[in-house]
Amino acid sequence: EAMHLFDLDVNQVKTVLHRESIVHAMIKHQSGALIQHSAPNDMHYSIEYALYYPNQELDYEMNPSDLGTLHFEELSFVRFPLLQLAYDVAKQQGILPCVMNAANEAAVELFLTEKISFLEISSIVLSEVKNTINRPRESYQDLLQLDGEIKKKILSQYS
């Protein structure tokens, strides 16, 4: 998401685990200073901020005391195999990021409706990406169609 929203190369994006889920983004300046975007732990606020900046009116107010103690940890590609996959498909570009996202959304839906276990999410996503031949991205409409096809395929396998 950050790559597309801010026109970044995959090598400019680093992910860390933040258990409090209050800091949604950080930017490191050339000077080494970090600037963070903090919001309540609900992604709706961060997405709204990114989409409508600088013309949004926030419907929340953050105070320094709301932040409490913040913890950040390096993420393990071994423990989080889909994170490694996300970096890999971002480097390859083409349709694979769309495939990964669609498969993940379908798998999460299956988990939330108790049709699969939590650990099955990653195997479904990994399998779908592995079994897709990458090709250049085409139009936005083509990506939307691909997204729908992948979701339908995965969901139908568990209905």
# chains A, B, ... in the order shown; residues from 1 in each chain; ligands from 1

$ residues_around --residues "A:Lys152" --least-positions-apart "3" --cutoff "12 Å" --atoms "only C-alpha atoms" --output "NGL selection string"
:A and (102-103 or 105-107 or 109-110 or 145-149 or 155-159)

$ write_last_selection --atoms "C-alpha atoms" --output "mmCIF file, in the first residue's frame"
data_model
loop_
_atom_site.group_PDB
_atom_site.id
_atom_site.type_symbol
_atom_site.label_atom_id
_atom_site.label_comp_id
_atom_site.auth_asym_id
_atom_site.auth_seq_id
_atom_site.Cartn_x
_atom_site.Cartn_y
_atom_site.Cartn_z
ATOM 1 C CA ALA A 102 -7.345 -11.239 -3.470
ATOM 2 C CA ALA A 103 -6.306 -14.635 -2.121
ATOM 3 C CA GLU A 105 -9.039 -11.405 1.413
ATOM 4 C CA ALA A 106 -10.814 -14.619 0.400
ATOM 5 C CA ALA A 107 -8.858 -16.699 2.924
ATOM 6 C CA GLU A 109 -13.256 -14.331 4.862
ATOM 7 C CA LEU A 110 -13.146 -18.119 5.065
ATOM 8 C CA GLN A 145 -11.822 -8.635 -12.726
ATOM 9 C CA LEU A 146 -8.821 -10.756 -11.688
ATOM 10 C CA ASP A 147 -9.496 -9.918 -8.032
ATOM 11 C CA GLY A 148 -13.097 -11.096 -8.351
ATOM 12 C CA GLU A 149 -12.139 -14.290 -10.189
ATOM 13 C CA LEU A 155 -14.475 -19.198 -1.834
ATOM 14 C CA SER A 156 -16.193 -21.780 -4.043
ATOM 15 C CA GLN A 157 -13.675 -24.423 -2.969
ATOM 16 C CA TYR A 158 -14.975 -24.160 0.620
ATOM 17 C CA SER A 159 -18.716 -23.723 0.131
#

$ residues_around --residues "A:Leu119" --least-positions-apart "2" --cutoff "12 Å" --atoms "only C-alpha atoms" --output "list in words"
Arg79, Phe80, Pro81, Leu82, Ala107, Val108, Leu110, Phe111, Lys115, Ile116, Ser117, Ile121, Ser122, Ser123, Ile124, Val125 and Leu126 of chain A

$ residues_around --residues "A:Val23" --least-positions-apart "4" --cutoff "10 Å" --atoms "only C-alpha atoms" --output "PyMOL selection string"
chain A and resi 18-19+36-41+46+67+70-72

$ write_last_selection --atoms "N, CA, C and O atoms" --output "PDB file, in the first residue's frame"
ATOM      1  N   HIS A  18       4.030  -3.604  15.620  1.00  0.00           N
ATOM      2  CA  HIS A  18       3.670  -2.589  16.624  1.00  0.00           C
ATOM      3  C   HIS A  18       2.375  -3.055  17.290  1.00  0.00           C
ATOM      4  O   HIS A  18       1.293  -2.904  16.758  1.00  0.00           O
ATOM      5  N   ARG A  19       2.525  -3.685  18.435  1.00  0.00           N
ATOM      6  CA  ARG A  19       1.386  -4.348  19.086  1.00  0.00           C
ATOM      7  C   ARG A  19       0.270  -3.395  19.498  1.00  0.00           C
ATOM      8  O   ARG A  19      -0.896  -3.781  19.526  1.00  0.00           O
ATOM      9  N   GLN A  36       5.911  10.194  12.521  1.00  0.00           N
ATOM     10  CA  GLN A  36       4.934   9.109  12.546  1.00  0.00           C
ATOM     11  C   GLN A  36       3.522   9.644  12.377  1.00  0.00           C
ATOM     12  O   GLN A  36       3.231  10.789  12.726  1.00  0.00           O
ATOM     13  N   HIS A  37       2.677   8.784  11.830  1.00  0.00           N
ATOM     14  CA  HIS A  37       1.246   9.070  11.787  1.00  0.00           C
ATOM     15  C   HIS A  37       0.591   8.195  12.848  1.00  0.00           C
ATOM     16  O   HIS A  37       0.664   6.964  12.787  1.00  0.00           O
ATOM     17  N   SER A  38      -0.012   8.832  13.828  1.00  0.00           N
ATOM     18  CA  SER A  38      -0.687   8.116  14.907  1.00  0.00           C
ATOM     19  C   SER A  38      -2.184   8.363  14.812  1.00  0.00           C
ATOM     20  O   SER A  38      -2.620   9.478  14.519  1.00  0.00           O
ATOM     21  N   ALA A  39      -2.943   7.322  15.073  1.00  0.00           N
ATOM     22  CA  ALA A  39      -4.400   7.406  15.054  1.00  0.00           C
ATOM     23  C   ALA A  39      -4.923   6.269  15.919  1.00  0.00           C
ATOM     24  O   ALA A  39      -4.181   5.340  16.244  1.00  0.00           O
ATOM     25  N   PRO A  40      -6.200   6.313  16.275  1.00  0.00           N
ATOM     26  CA  PRO A  40      -6.763   5.176  17.012  1.00  0.00           C
ATOM     27  C   PRO A  40      -6.491   3.877  16.250  1.00  0.00           C
ATOM     28  O   PRO A  40      -6.295   3.878  15.036  1.00  0.00           O
ATOM     29  N   ASN A  41      -6.478   2.764  16.970  1.00  0.00           N
ATOM     30  CA  ASN A  41      -6.113   1.488  16.346  1.00  0.00           C
ATOM     31  C   ASN A  41      -7.256   0.923  15.502  1.00  0.00           C
ATOM     32  O   ASN A  41      -7.778  -0.146  15.764  1.00  0.00           O
ATOM     33  N   SER A  46      -6.432   5.757   9.249  1.00  0.00           N
ATOM     34  CA  SER A  46      -5.203   5.907   8.471  1.00  0.00           C
ATOM     35  C   SER A  46      -5.474   5.931   6.978  1.00  0.00           C
ATOM     36  O   SER A  46      -4.862   6.701   6.237  1.00  0.00           O
ATOM     37  N   LEU A  67      -0.829   7.938  23.578  1.00  0.00           N
ATOM     38  CA  LEU A  67       0.136   7.016  22.989  1.00  0.00           C
ATOM     39  C   LEU A  67       0.641   5.990  23.987  1.00  0.00           C
ATOM     40  O   LEU A  67       0.921   4.854  23.624  1.00  0.00           O
ATOM     41  N   LEU A  70       5.070   2.742  23.594  1.00  0.00           N
ATOM     42  CA  LEU A  70       5.021   2.141  22.265  1.00  0.00           C
ATOM     43  C   LEU A  70       6.134   1.115  22.123  1.00  0.00           C
ATOM     44  O   LEU A  70       7.255   1.341  22.565  1.00  0.00           O
ATOM     45  N   HIS A  71       5.803   0.010  21.501  1.00  0.00           N
ATOM     46  CA  HIS A  71       6.773  -1.067  21.282  1.00  0.00           C
ATOM     47  C   HIS A  71       6.834  -1.401  19.792  1.00  0.00           C
ATOM     48  O   HIS A  71       5.799  -1.523  19.146  1.00  0.00           O
ATOM     49  N   PHE A  72       8.041  -1.561  19.290  1.00  0.00           N
ATOM     50  CA  PHE A  72       8.259  -1.942  17.899  1.00  0.00           C
ATOM     51  C   PHE A  72       9.232  -3.103  17.862  1.00  0.00           C
ATOM     52  O   PHE A  72      10.222  -3.098  18.583  1.00  0.00           O
TER      53      PHE A  72
END

$ residues_around --residues "stretch 56-58 of chain A" --least-positions-apart "5" --cutoff "10 Å" --atoms "only C-alpha atoms" --output "PyMOL selection string"
chain A and resi 39+45+48-51

$ select_by_dssp --residues "chain A" --states "helix (DSSP H, G or I)" --output "number ranges by chain"
A: 2-6, 10-12, 43-52, 64-67, 81-92, 96-112, 120-130, 140-156

$ closest_residue --among "A:Ser65, A:Gln30, A:Asp88, A:Val99" --to "A:Leu143" --atoms "only C-alpha atoms"
A:Val99

$ closest_atom_pairs --of "stretch 42-129 of chain A" --to "stretch 5-12 of chain A" --cutoff "8 Å" --atoms "only C-alpha atoms" --output "Markdown table"
| residue | atom | partner | partner_atom | distance |
| --- | --- | --- | --- | --- |
| A:Ala50 | CA | A:Leu5 | CA | 7.6 |
| A:Tyr87 | CA | A:Val10 | CA | 6.9 |
| A:Ala90 | CA | A:Val10 | CA | 6.4 |
| A:Lys91 | CA | A:Val10 | CA | 6.4 |
